[in-house]
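Chemist: So I've got this file, run_39.txt, and it contains compact mmCIF, C-alpha atoms:
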# COMPACT_ATOMS: atom_id res chain seq x y z
CA MET A 1 156.21 40.08 67.18
CA SER A 2 153.63 39.10 64.59
CA VAL A 3 152.25 35.72 63.60
CA LEU A 4 151.00 34.78 60.13
CA ARG A 5 148.21 32.22 60.33
CA PRO A 6 145.16 30.96 58.43
CA PHE A 7 142.17 33.32 58.46
CA LYS A 8 139.14 32.14 60.50
CA ALA A 9 135.56 33.33 60.07
CA ASP A 10 135.45 34.97 63.50
CA ASP A 11 138.48 37.12 62.58
CA LEU A 12 136.04 39.32 60.68
CA PHE A 13 134.79 40.71 63.98
CA LYS A 14 138.24 41.59 65.33
CA PHE A 15 139.46 44.08 62.75
CA ASN A 16 136.88 46.86 62.48
CA ASN A 17 139.41 49.67 62.99
CA VAL A 18 141.43 48.44 60.02
CA ASN A 19 138.35 48.29 57.79
CA LEU A 20 137.58 51.91 58.66
CA ASP A 21 140.86 53.10 57.12
CA LEU A 22 140.08 55.50 54.24
CA TRP A 23 142.44 53.72 51.83
CA THR A 24 141.02 50.27 52.52
CA GLU A 25 138.42 48.86 50.17
CA THR A 26 135.99 46.89 52.33
CA TYR A 27 133.59 44.10 51.48
CA SER A 28 130.59 42.44 53.11
CA ILE A 29 130.94 39.56 55.55
CA SER A 30 129.41 37.18 52.99
CA PHE A 31 132.10 38.17 50.47
CA TYR A 32 134.91 37.23 52.88
CA LEU A 33 133.15 34.02 53.96
CA ASN A 34 132.71 32.97 50.32
CA TYR A 35 136.45 33.36 49.67
CA LEU A 36 137.29 31.60 52.91
CA ALA A 37 135.15 28.63 51.85
CA ARG A 38 136.57 28.49 48.30
CA TRP A 39 140.26 29.29 48.88
CA PRO A 40 141.07 28.75 52.58
CA ASP A 41 144.80 28.37 51.91
CA LEU A 42 144.92 31.87 50.44
CA CYS A 43 143.05 33.60 53.25
CA LEU A 44 145.60 34.76 55.81
CA VAL A 45 145.77 37.04 58.81
CA GLN A 46 148.86 38.47 60.36
CA GLU A 47 148.47 39.17 64.04
CA ALA A 48 150.13 41.85 65.95
CA PRO A 49 147.33 43.81 67.55
CA ASN A 50 144.96 45.13 64.88
CA VAL A 51 146.59 43.92 61.67
CA LEU A 52 144.51 42.33 58.92
CA GLY A 53 145.58 41.07 55.54
CA LYS A 54 143.52 38.89 53.28
CA ALA A 55 144.94 37.22 50.21
CA GLU A 56 143.10 35.11 47.65
CA GLY A 57 143.51 33.55 44.27
CA HIS A 58 141.96 31.06 41.90
CA SER A 59 143.89 28.33 40.15
CA GLN A 60 141.79 28.41 36.99
CA GLU A 61 142.71 32.04 36.41
CA TRP A 62 146.36 31.08 36.89
CA HIS A 63 147.30 33.94 39.18
CA GLY A 64 147.12 35.10 42.74
CA HIS A 65 144.99 38.15 43.43
CA VAL A 66 145.20 40.44 46.43
CA THR A 67 141.64 41.47 47.20
CA ALA A 68 142.47 43.34 50.39
CA ILE A 69 145.59 43.90 52.41
CA THR A 70 145.62 46.42 55.21
CA VAL A 71 147.93 47.13 58.08
CA ALA A 72 146.67 49.19 61.00
CA PRO A 73 148.35 52.61 61.06
CA GLU A 74 150.26 51.91 64.27
CA TYR A 75 151.92 48.84 62.68
CA ARG A 76 152.89 50.29 59.30
CA ARG A 77 156.50 50.44 58.09
CA LEU A 78 157.40 47.26 59.98
CA GLY A 79 157.48 44.94 56.96
CA LEU A 80 154.15 43.25 57.75
CA ALA A 81 152.63 43.90 54.30
CA ARG A 82 155.76 42.54 52.62
CA LYS A 83 155.56 39.38 54.74
CA MET A 84 151.96 38.78 53.68
CA MET A 85 152.73 39.52 50.02
CA ASP A 86 155.69 37.12 50.13
CA GLU A 87 153.38 34.38 51.43
CA LEU A 88 150.76 35.04 48.73
CA GLU A 89 153.46 34.92 46.05
CA ARG A 90 154.82 31.66 47.49
CA ILE A 91 151.37 30.01 47.50
CA SER A 92 150.54 31.37 44.04
CA THR A 93 153.76 29.81 42.74
CA GLU A 94 153.99 26.52 44.66
CA VAL A 95 150.32 25.58 45.06
CA TYR A 96 148.57 27.20 42.10
CA ASN A 97 151.48 27.41 39.64
CA GLY A 98 150.35 30.92 38.71
CA TYR A 99 151.86 33.24 36.16
CA PHE A 100 151.62 36.40 38.25
CA VAL A 101 150.12 38.09 41.29
CA ASP A 102 147.95 41.15 40.77
CA LEU A 103 146.24 43.80 42.86
CA TYR A 104 144.34 47.04 42.41
CA VAL A 105 145.40 50.26 44.10
CA ARG A 106 144.01 53.78 43.96
CA CYS A 107 146.07 55.93 41.58
CA ALA A 108 146.22 58.60 44.31
CA ASN A 109 147.70 56.21 46.90
CA ILE A 110 151.33 57.08 46.14
CA LEU A 111 152.72 55.46 49.30
CA ALA A 112 151.13 52.10 48.44
CA ILE A 113 152.21 52.32 44.79
CA ASN A 114 155.80 53.00 45.85
CA MET A 115 155.66 50.12 48.32
CA TYR A 116 154.38 47.68 45.67
CA GLU A 117 156.94 48.88 43.11
CA GLY A 118 159.62 48.24 45.73
CA MET A 119 158.31 44.65 45.94
CA GLY A 120 158.66 44.17 42.18
CA TYR A 121 155.13 45.06 41.04
CA SER A 122 154.54 47.30 38.02
CA VAL A 123 151.50 48.96 36.51
CA TYR A 124 149.91 46.68 33.93
CA ARG A 125 147.02 49.03 33.11
CA ARG A 126 144.78 51.74 34.50
CA VAL A 127 141.12 50.95 35.26
CA ALA A 128 138.94 54.04 34.81
CA GLN A 129 136.48 54.93 37.59
CA TYR A 130 137.18 51.72 39.53
CA TYR A 131 136.71 53.16 43.02
CA THR A 132 134.01 55.29 44.55
CA LYS A 133 135.05 58.58 46.06
CA LEU A 134 136.63 58.56 49.48
CA PRO A 135 134.10 59.24 52.27
CA HIS A 136 135.37 62.78 52.92
CA GLU A 137 134.81 63.78 49.27
CA LYS A 138 131.48 65.02 47.88
CA GLY A 139 129.36 62.83 45.67
CA GLY A 140 129.45 59.09 45.47
CA ARG A 141 129.79 58.06 41.84
CA ASP A 142 132.65 55.86 40.78
CA GLN A 143 135.32 58.44 40.23
CA GLU A 144 138.79 57.34 41.08
CA ASP A 145 140.91 55.23 38.77
CA ALA A 146 142.87 52.20 39.91
CA PHE A 147 146.17 50.80 38.77
CA ASP A 148 146.15 47.07 38.07
CA MET A 149 149.64 46.20 39.33
CA ARG A 150 151.26 42.85 38.61
CA LYS A 151 154.34 40.92 39.56
CA PRO A 152 155.43 38.05 37.33
CA LEU A 153 156.08 34.68 38.95
CA PRO A 154 158.64 32.11 37.72
CA ARG A 155 156.10 30.46 35.41
CA ASP A 156 155.79 33.71 33.41
CA THR A 157 159.04 33.14 31.53
CA MET A 158 157.94 35.43 28.68
CA ARG A 159 157.01 38.17 31.19
CA ARG A 160 153.60 38.70 29.57
CA SER A 161 152.27 40.13 32.84
CA VAL A 162 154.61 43.12 32.52
CA ARG A 163 154.10 46.13 30.25
CA PRO A 164 156.55 49.01 29.95
CA ASN A 165 153.70 51.44 29.20
CA GLY A 166 151.04 50.15 31.60
CA ARG A 167 150.14 53.61 32.91
CA GLU A 168 149.12 54.61 29.37
CA ILE A 169 146.75 51.67 28.81
CA ILE A 170 143.29 52.54 30.11
CA ILE A 171 140.31 50.19 30.29
CA SER A 172 136.82 50.68 31.69
CA ARG A 173 135.71 49.18 34.98
CA ASP A 174 133.47 46.78 33.03
CA GLN A 175 136.50 45.35 31.22
CA ALA A 176 138.35 44.57 34.46
CA PRO A 177 137.89 41.09 35.94
Take the structure from the file and write it as structure tokens.

Modeler:
Amino acid sequence: MSVLRPFKADDLFKFNNVNLDLWTETYSISFYLNYLARWPDLCLVQEAPNVLGKAEGHSQEWHGHVTAITVAPEYRRLGLARKMMDELERISTEVYNGYFVDLYVRCANILAINMYEGMGYSVYRRVAQYYTKLPHEKGGRDQEDAFDMRKPLPRDTMRRSVRPNGREIIISRDQAP
């Protein structure tokens, strides 16, 4: 059984194996602590051994944003990511009155893209050279593109956060928020 609860600063030291996952974009401790201080209601952790998900958003930007969500390999395909995404969408709607929730995902991460599409997300645009190469690849320049995926919330009655041709719209990393 898992428990969804508010993220605490000392949780950062409990989830190293999740942060070492090749598909997980990791950040510094100060980055997480800054978000925890600014948006504590949108920083969540779901506990079953070794599961970490962090959600954040900002009311002035009128949307929820998933900075990092990761489930340890041994707990995948149990619906834990969906549970965390549902909570972020609920908070983005009820607390922040947002128009949509967005996230970035590597274009090569087909399993994650399929999972998010199954949750109602669609590709809004492609961000060129958003990610650095994976550690097992040579080089280190920003090389891999990301999809900016979005899911409209009830406030987006005109569905402006959805594009039928999002995969064809490409922006540079500098143009992405």

Chemist: How far is it from CA of Met158 in chain A to CA of Arg125 in chain A, in Å with one decimal?

Modeler: 18.0 Å

Chemist: Could you tell me how far CA of Asp86 in chain A lies from CA of Ser30 in chain A, in Å and to one decimal?

Modeler: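 Straight-line distance from CA of Asp86 in chain A to CA of Ser30 in chain A works out to 26.4 Å.
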
Chemist: Contacts of Val162 in chain A at 12 Å or less, counting only C-alpha atoms, minus same-chain residues fewer than 3 places along, as a ChimeraX atom specification?

Modeler: /A:99-102,120-125,148-153,156-159,165-167

Chemist: Between A:Leu42, A:Asn97, A:Ala146, A:Arg82, which is the closest to Glu117 in chain A once you count only C-alpha atoms?

Modeler: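 Under the stated criterion, the closest residue is A:Arg82.
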
Chemist: If you count only C-alpha atoms, which residues fall within 7 Å of Arg5 in chain A, apart from same-chain ones fewer than 4 positions away, as a PDB file with C-alpha atoms, in the coordinates of the input?

Modeler:
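result_16.pdb, freshly written:
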ATOM      1  CA  LEU A  44     145.600  34.760  55.810  1.00  0.00           C
ATOM      2  CA  VAL A  45     145.770  37.040  58.810  1.00  0.00           C
ATOM      3  CA  GLN A  46     148.860  38.470  60.360  1.00  0.00           C
TER       4      GLN A  46
END

Chemist: What is the CA of Cys107 in chain A-CA of Glu144 in chain A distance in Å, reported with one decimal?

Modeler: 7.4 Å

Chemist: Quick one: residues within 8 Å of (136.0, 47.5, 35.6) (file frame), counting all atoms listed in the file, please, as a count of residues only.

Modeler: 11
